[in-house]
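S.K.: If you scroll down you'll find the structure; I have some questions about it.
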Amino acid sequence: MRVDVISLFPEFLAQSAALGVVGRAQERGLLELHGWNPRDYAEGNYRRVDDRPFGGGPGMVMLIEPLRAALAAARAADPQPAPLIYLSPQGRPLSQAKVRELAALPRMILLCGRYEGVDERFIASEVDEEISIGDYVLSGGELGAAVIIDAVTRLQEGALNDAESAVQDSFEGDGLLDCPHYSHPASHALGNVPEVLRSGNHAAIARWRRQQSLLRTALRRPDLLDEAGLGKADRKLLAEAVAGLEI
Ligand SMILES: CN(C)c1ccccc1CNc1ccc(C(N)=O)cn1
């Protein structure tokens with residue numbers, strides 16, 4: 001997958017993408033990242049990329065022309081069509097379903113706003129999708145771009161080894177929260193590992209883990225539970241776990 005990022009701080013993305021799964025995916029040729037800095041396309045000796053908002057008010061707005069030139073350069077660099085995705089608090093909240101949709105694309109272009117955002121005419125004319133990574137305000141869209149790059153890269157075939165993709169499946173596969181995890185030592189001042197996990201009874205372990213996922217989702221994220229569309233067996237497992245709670 002090719003990802004082009006339009007950002008005033010392309011080095012930010014390059015650094016965060018050089019590590020871990022994303023770094024490895026680039027080495028394996030599963031991900032191609034290209035940065036485009038509007039400042040490189042800004043005219044005049046001040047090379048302006050922002051200016052004051054009409055109507056007054058605090059902050060600055062990113063100007064149309066440097067963005068248009070940066071986008072044109074990105075599009076000219078590769079014939080593959082790509083949606084332009086704008087990271088902003090006004091966007092549609094990112095979900096794993098949207099991540100799956102984006103991960104299936106051959107290419108996408110991510111636009112990272114700074115200041116108070118981008119001139120609305122550029123958004124109206126060029127942006128295909130506006131996405132928010134959550135209801136909070138950041139200094140720029142770059143962190144949102146990094147989140148999207150990480151999440152879609154994990155879904156590229158060959159990006160994760162078996163252990164890592166098992167983790168991926170356990171959470172995103174069924175839309176439930178993950179179960180608790182434990183490792184050595186089996187007994188510790190902080191508590192002991194649940195016996196079932198040391199029983200070697202793999203059916204009982206799988207049952208316990210599913211029950212814990214259901215219980216956690218019911219307690220922490222009942223909204224996800226409704227979407228998960230539980231079958232009879234799951235509802236029975238959950239009821240048993242809820243009955244077992246000393247509340
Ligand atoms: C300066 N701001 C507020 C701004 C305003 C408009 C566009 C971009 C920005 C850059 N900041 C962002 C970007 C994304 C998110 C998010 N939730 O995805 C949060 N903040």
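Order determines the names: the first chain of the structure tokens is A, the second B, and so forth; residues in each chain are numbered 1 upward, and ligands are numbered 1 upward as they are shown.
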Around ligand 1, at most 10 Å away and counting only C-alpha atoms and all ligand atoms, which residues are there? Put them as an MDAnalysis selection string, please.
M.R.: chainID A and resid 59:62 86:94 111:119 130:145 147
S.K.: Pull C-alpha atoms from the residues just selected and write them as a short mmCIF file (atom, residue, chain, number, x, y, z; two decimals), in the first residue's frame.
M.R.:
data_model
loop_
_atom_site.label_atom_id
_atom_site.label_comp_id
_atom_site.auth_asym_id
_atom_site.auth_seq_id
_atom_site.Cartn_x
_atom_site.Cartn_y
_atom_site.Cartn_z
CA GLY A 59 -5.09 31.60 15.03
CA MET A 60 -4.17 31.08 11.41
CA VAL A 61 -5.62 29.16 8.47
CA MET A 62 -3.65 26.98 6.02
CA TYR A 86 -8.29 15.01 6.01
CA LEU A 87 -7.62 14.44 9.72
CA SER A 88 -9.71 16.83 11.79
CA PRO A 89 -11.91 16.97 14.90
CA GLN A 90 -14.84 17.60 12.54
CA GLY A 91 -14.32 14.24 10.84
CA ARG A 92 -16.20 10.95 11.18
CA PRO A 93 -14.80 8.94 14.11
CA LEU A 94 -12.26 6.30 13.03
CA LEU A 111 -3.81 15.65 4.79
CA CYS A 112 -2.55 16.88 8.15
CA GLY A 113 -3.89 20.27 9.21
CA ARG A 114 -2.07 22.61 11.55
CA TYR A 115 -3.04 25.99 13.04
CA GLU A 116 -6.85 26.28 13.03
CA GLY A 117 -7.15 24.06 9.99
CA VAL A 118 -7.44 24.41 6.25
CA ASP A 119 -9.29 26.95 4.05
CA GLU A 130 -12.71 13.79 6.84
CA ILE A 131 -11.72 11.48 9.73
CA SER A 132 -11.30 12.14 13.46
CA ILE A 133 -9.29 9.82 15.71
CA GLY A 134 -11.33 10.90 18.74
CA ASP A 135 -13.12 13.78 20.39
CA TYR A 136 -10.14 15.82 21.48
CA VAL A 137 -8.00 18.62 20.05
CA LEU A 138 -4.40 18.13 18.92
CA SER A 139 -1.87 20.62 17.56
CA GLY A 140 -1.91 18.90 14.18
CA GLY A 141 -3.34 16.05 12.18
CA GLU A 142 0.01 14.20 12.10
CA LEU A 143 -0.80 12.01 15.12
CA GLY A 144 -4.06 11.04 13.42
CA ALA A 145 -2.14 10.17 10.26
CA VAL A 147 -2.69 6.22 13.90
#
S.K.: Any chance you could list, as a ChimeraX atom specification, the residues in region 22-204 of chain A that come up strand (DSSP E or B) when DSSP is run on the backbone?
M.R.: /A:32-36,50-51,61-62,84-93,107-112,118,129-132,187-188,191-192
S.K.: Report as a ChimeraX atom specification all protein, DNA and RNA residues lying within 10 Å of Arg121 (chain A), evaluated on only C-alpha atoms, omitting residues in the same chain fewer than 6 positions from it.
M.R.: /A:63-64,127
S.K.: Excluding Gly35 (chain A) and any residue of its chain fewer than 3 positions from it, enumerate the residues within 7 Å of it, using only C-alpha atoms, and give them as a PyMOL selection string.
M.R.: chain A and resi 4-6+10
S.K.: Residues at most 9 Å from region 153-155 of chain A, counting only C-alpha atoms, excluding those fewer than 5 positions away in the same chain, as a ChimeraX atom specification?
M.R.: /A:1,21-22,25,30-31,99-100,103-104,148,160,165,168
S.K.: Can you pull out every residue from region 71-235 of chain A that DSSP, working from the backbone, puts in helix (DSSP H, G or I), and format the result as an MDAnalysis selection string?
M.R.: chainID A and resid 71:76 96:103 120:126 142:154 162:173 195:198 202:220 222:228 232:235
S.K.: Go ahead and write the selection's residues with C-alpha atoms as a compact mmCIF listing (two decimals), in the first residue's frame.
M.R.:
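And here is the file that came out, part04.txt:
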# COMPACT_ATOMS: atom_id res chain seq x y z
CA LEU A 71 -1.41 17.62 -3.66
CA ALA A 72 -0.70 18.02 -7.38
CA ALA A 73 2.91 16.92 -6.79
CA ALA A 74 1.76 13.88 -4.80
CA ARG A 75 -0.75 12.87 -7.47
CA ALA A 76 1.80 13.39 -10.26
CA GLN A 96 -11.82 -0.70 12.94
CA ALA A 97 -14.40 -1.11 10.16
CA LYS A 98 -13.11 2.07 8.50
CA VAL A 99 -9.52 0.87 9.05
CA ARG A 100 -10.38 -2.38 7.24
CA GLU A 101 -11.89 -0.37 4.37
CA LEU A 102 -8.80 1.86 4.07
CA ALA A 103 -6.41 -1.10 4.37
CA GLU A 120 -12.77 25.46 3.63
CA ARG A 121 -12.65 25.88 -0.16
CA PHE A 122 -9.78 23.39 -0.39
CA ILE A 123 -11.69 20.91 1.77
CA ALA A 124 -14.87 21.31 -0.29
CA SER A 125 -13.04 20.90 -3.57
CA GLU A 126 -10.36 18.26 -2.86
CA GLU A 142 0.01 14.20 12.10
CA LEU A 143 -0.80 12.01 15.12
CA GLY A 144 -4.06 11.04 13.42
CA ALA A 145 -2.14 10.17 10.26
CA ALA A 146 0.28 8.04 12.32
CA VAL A 147 -2.69 6.22 13.90
CA ILE A 148 -4.23 5.46 10.52
CA ILE A 149 -0.90 4.35 9.04
CA ASP A 150 -0.28 1.99 11.98
CA ALA A 151 -3.79 0.53 11.98
CA VAL A 152 -3.95 -0.09 8.20
CA THR A 153 -0.38 -1.45 8.07
CA ARG A 154 -1.22 -4.14 10.64
CA ASP A 162 1.60 -15.40 13.70
CA ALA A 163 1.69 -14.30 17.35
CA GLU A 164 0.97 -10.68 16.45
CA SER A 165 -1.89 -11.53 14.09
CA ALA A 166 -3.43 -13.72 16.80
CA VAL A 167 -3.61 -10.60 18.98
CA GLN A 168 -5.13 -8.70 16.05
CA ASP A 169 -7.80 -11.38 15.56
CA SER A 170 -8.65 -11.69 19.24
CA PHE A 171 -9.68 -8.07 19.45
CA GLU A 172 -10.73 -6.75 16.08
CA GLY A 173 -12.14 -10.05 14.82
CA GLU A 195 -5.97 -21.54 37.83
CA VAL A 196 -7.77 -22.30 34.57
CA LEU A 197 -4.91 -20.74 32.57
CA ARG A 198 -2.45 -23.20 34.08
CA HIS A 202 -7.53 -25.72 26.21
CA ALA A 203 -11.31 -25.88 25.88
CA ALA A 204 -11.74 -24.52 29.41
CA ILE A 205 -9.10 -21.83 28.72
CA ALA A 206 -10.83 -20.73 25.51
CA ARG A 207 -14.18 -20.67 27.35
CA TRP A 208 -12.75 -18.61 30.23
CA ARG A 209 -11.12 -16.13 27.83
CA ARG A 210 -14.31 -15.68 25.82
CA GLN A 211 -16.29 -15.23 29.04
CA GLN A 212 -13.81 -12.59 30.27
CA SER A 213 -14.00 -10.72 26.96
CA LEU A 214 -17.80 -10.73 27.13
CA LEU A 215 -17.83 -9.62 30.78
CA ARG A 216 -15.31 -6.83 30.21
CA THR A 217 -17.17 -5.59 27.17
CA ALA A 218 -20.48 -5.65 29.09
CA LEU A 219 -18.97 -3.72 32.01
CA ARG A 220 -16.77 -1.24 30.12
CA PRO A 222 -21.91 -1.99 26.54
CA ASP A 223 -22.19 -0.04 23.25
CA LEU A 224 -19.75 -2.51 21.61
CA LEU A 225 -21.71 -5.43 23.05
CA ASP A 226 -24.89 -4.38 21.26
CA GLU A 227 -22.99 -4.16 17.95
CA ALA A 228 -21.34 -7.55 18.46
CA LYS A 232 -27.16 -17.89 22.42
CA ALA A 233 -23.93 -19.48 23.69
CA ASP A 234 -22.28 -16.10 24.30
CA ARG A 235 -25.34 -14.71 26.08
S.K.: Restricting the calculation to only C-alpha atoms: of A:Tyr41, A:Phe9, A:Phe54, A:Trp36, which residue gets closest to Ile109 (chain A)?
M.R.: A:Trp36
S.K.: Would you work out the distance separating CA of Ala159 (chain A) from CA of Gln26 (chain A), expressed in Å to one decimal?
M.R.: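 Those two atoms sit 9.2 Å apart.
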S.K.: Counting only C-alpha atoms, which of A:Ile247, A:Leu33, A:Leu176, A:Leu19 gets nearest to Met108 (chain A)?
M.R.: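 Smallest separation from Met108 (chain A) among the options: A:Leu33.
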S.K.: Please report the interatomic distance between CA of Pro83 (chain A) and CA of Arg68 (chain A) in Å with one decimal.
M.R.: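 We find that CA of Pro83 (chain A) and CA of Arg68 (chain A) lie 14.5 Å from each other.
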S.K.: Identify, on the basis of only C-alpha atoms, every residue whose closest approach to Leu8 (chain A) does not exceed 7 Å; exclude the query and any residue fewer than 3 positions from it along the same chain; express the result as a short mmCIF file (atom, residue, chain, number, x, y, z; two decimals) with all heavy atoms, in the first residue's frame.
M.R.:
data_model
loop_
_atom_site.label_atom_id
_atom_site.label_comp_id
_atom_site.auth_asym_id
_atom_site.auth_seq_id
_atom_site.Cartn_x
_atom_site.Cartn_y
_atom_site.Cartn_z
N ASN A 37 5.57 18.42 1.72
CA ASN A 37 5.48 19.57 2.61
C ASN A 37 4.99 20.80 1.85
O ASN A 37 5.67 21.29 0.95
CB ASN A 37 6.87 19.86 3.22
CG ASN A 37 6.79 20.90 4.31
OD1 ASN A 37 5.83 21.68 4.34
ND2 ASN A 37 7.78 20.92 5.18
N PRO A 38 3.81 21.32 2.21
CA PRO A 38 3.27 22.48 1.48
C PRO A 38 4.26 23.65 1.45
O PRO A 38 4.27 24.44 0.52
CB PRO A 38 2.02 22.84 2.27
CG PRO A 38 1.63 21.59 2.99
CD PRO A 38 2.93 20.88 3.28
N ARG A 39 5.11 23.73 2.46
CA ARG A 39 6.06 24.84 2.49
C ARG A 39 7.02 24.79 1.30
O ARG A 39 7.44 25.83 0.80
CB ARG A 39 6.88 24.83 3.80
CG ARG A 39 7.58 26.16 4.06
CD ARG A 39 8.22 26.24 5.43
NE ARG A 39 7.30 26.12 6.55
CZ ARG A 39 6.49 27.09 6.97
NH1 ARG A 39 6.45 28.24 6.34
NH2 ARG A 39 5.71 26.91 8.01
#
